[in-house]
Amino acid sequence: MQFSTWIRQHLAALRALLVLTVITGIVYPLAVFAIAQIPGLHDKADGSLIKVDDKVVGSSLLGQSFTDPDGKALVQYFQSRPSSAGSSGYDPMATAASNLGPESIVDTLDADPANVKLSLLSTVCARSKAIGDREGVDGARPFCTKDGVGAVLSVIGPRDTDGEVSHPTQVVSVNEAWPATPFLATYKGVRVECAKPGEDYSAGRIVPIFGDAPVDTPVPTDAVTASGSGLDPHISPRYADIQIARIAKARNISGDQVRQLVDAHTTGRTLGFLGEPRVNVVELNLDLDQRYPFRG
């Protein structure tokens with residue numbers, strides 16, 4: 001009697017397994033595939049692929065780098081926002097953020113350049129300076145030196161009761177390697193010196209210096225920080241705007257012609273209130289090539 005019950009239970013379980021396999025493994029995937037072929041959904045379901053002359057050149061959902069083999073920005077293209085996905089960026093198989101937070105302000109300096117590791121602050125400073133130089137705008141930012149590294153001091157000396165160092169014995173610019181000239185000559189009456197690679201200055205009080213750069217810098221935040229996925233194909237209209245002059249000059253067209261294309265590829269807030277306006281860089285650059293080919 002017990003053996004017969006055991007058989008019936010396992011047969012019922014087997015029938016359930018077969019039925020669910022057919023439903024979830026065959027019927028449901030086929031139904032989803034069929035719905036995805038409905039006009040208006042087909043392109044999105046297939047990855048929103050972009051084709052030129054029947055050749056897939058990208059996806060409107062995935063960003064790309066518009067640089068030469070050495071990583072230098074190509075002057076004829078709008079540049080995407082930075083990406084931390086993969087070694088060269090925008091790798092769909094390695095989608096990721098840098099995992100660096102606002103407290104990442106001290107670089108790891110080393111005599112071997114291969115072992116140097118920039119903090120998030122210095123990374124942002126370096127990107128902002130490079131973009132400012134490329135686009136002909138002021139790339140200075142608060143807490144950044146004029147050379148594009150984090151303006152951070154290690155103030156060494158006896159601590160006050162509140163943790164401050166009122167009378168430092170040594171002050172080191174921790175992100176500038178000796179024998180460079182420090183961004184600040186003195187701090188609280190003590191001469192500032194540059195860091196010696198390999199030395200540890202964590203015993204001092206780490207003090208970021210605001211500086212005199214404007215808070216509302218011409219180089220927007222999305223130009224110097226990566227998205228969480230590292231695959232974002234969009235930039236802000238502000239970042240697109242500071243690139244227009246360079247694009248127009250490189251392609252020998254007017255700024256108004258470039259601006260019209262930017263406007264055509266600008267999407268407003270989702271549902272009118274979600275997110276921010278954005279420009280699809282991949283689609284914009286393809287449109288530029290089709291309408292105003294680069295003759296360089």
# chains A, B, ... in the order shown; residues from 1 in each chain; ligands from 1
call {"tool": "residues_around", "arguments": {"residues": "stretch 111-124 of chain A", "least_positions_apart": "4", "cutoff": "10 Å", "atoms": "only C-alpha atoms", "output": "PyMOL selection string"}}
result
chain A and resi 98-107+128-130+141+143-145+148-152+175+177+196-198+208+221+223-226
call {"tool": "residues_around", "arguments": {"residues": "stretch 278-283 of chain A", "least_positions_apart": "5", "cutoff": "12 Å", "atoms": "only C-alpha atoms", "output": "PyMOL selection string"}}
result
chain A and resi 48-52+57-66+77-81+222+231-241+243+259+261-270+288-290
call {"tool": "closest_residue", "arguments": {"among": "A:Gln9, A:Ser4, A:Ile35, A:Asp138", "to": "A:Pro214", "atoms": "only C-alpha atoms"}}
result
A:Asp138
call {"tool": "atom_distance", "arguments": {"atom1": "atom CA of A:His167", "atom2": "atom CA of A:Ile209"}}
result
17.5 Å
call {"tool": "residues_around", "arguments": {"residues": "A:Gly204", "least_positions_apart": "5", "cutoff": "9 Å", "atoms": "only C-alpha atoms", "output": "list of chain:residue names"}}
result
A:Leu153, A:Ser154, A:Val155, A:Ile156, A:Gly157, A:Val165, A:Gln170, A:Val171, A:Val172
call {"tool": "write_last_selection", "arguments": {"atoms": "C-alpha atoms", "output": "mmCIF file, in the first residue's frame"}}
result
data_model
loop_
_atom_site.group_PDB
_atom_site.id
_atom_site.type_symbol
_atom_site.label_atom_id
_atom_site.label_comp_id
_atom_site.auth_asym_id
_atom_site.auth_seq_id
_atom_site.Cartn_x
_atom_site.Cartn_y
_atom_site.Cartn_z
ATOM 1 C CA LEU A 153 46.905 68.054 1.734
ATOM 2 C CA SER A 154 48.094 65.803 4.512
ATOM 3 C CA VAL A 155 48.516 68.116 7.482
ATOM 4 C CA ILE A 156 50.869 66.458 9.969
ATOM 5 C CA GLY A 157 51.302 67.540 13.556
ATOM 6 C CA VAL A 165 45.930 70.380 13.411
ATOM 7 C CA GLN A 170 54.723 69.187 7.956
ATOM 8 C CA VAL A 171 52.243 69.690 5.105
ATOM 9 C CA VAL A 172 52.278 67.435 2.034
#
call {"tool": "closest_residue", "arguments": {"among": "A:Ala16, A:Leu109, A:Leu284, A:Val215", "to": "A:Tyr201", "atoms": "only C-alpha atoms"}}
result
A:Leu109
call {"tool": "select_by_dssp", "arguments": {"residues": "stretch 24-147 of chain A", "states": "strand (DSSP E or B)", "output": "ChimeraX atom specification"}}
result
/A:49-52,55-59,67,73,108,117,144
call {"tool": "atom_distance", "arguments": {"atom1": "atom CA of A:Ile26", "atom2": "atom CA of A:Ala12"}}
result
20.5 Å
call {"tool": "closest_residue", "arguments": {"among": "A:Ser229, A:Gln76, A:Trp6, A:Pro179", "to": "A:Met93", "atoms": "only C-alpha atoms"}}
result
A:Ser229
call {"tool": "closest_residue", "arguments": {"among": "A:Thr186, A:Thr217, A:Ser84, A:Ser254", "to": "A:Cys125", "atoms": "only C-alpha atoms"}}
result
A:Thr217
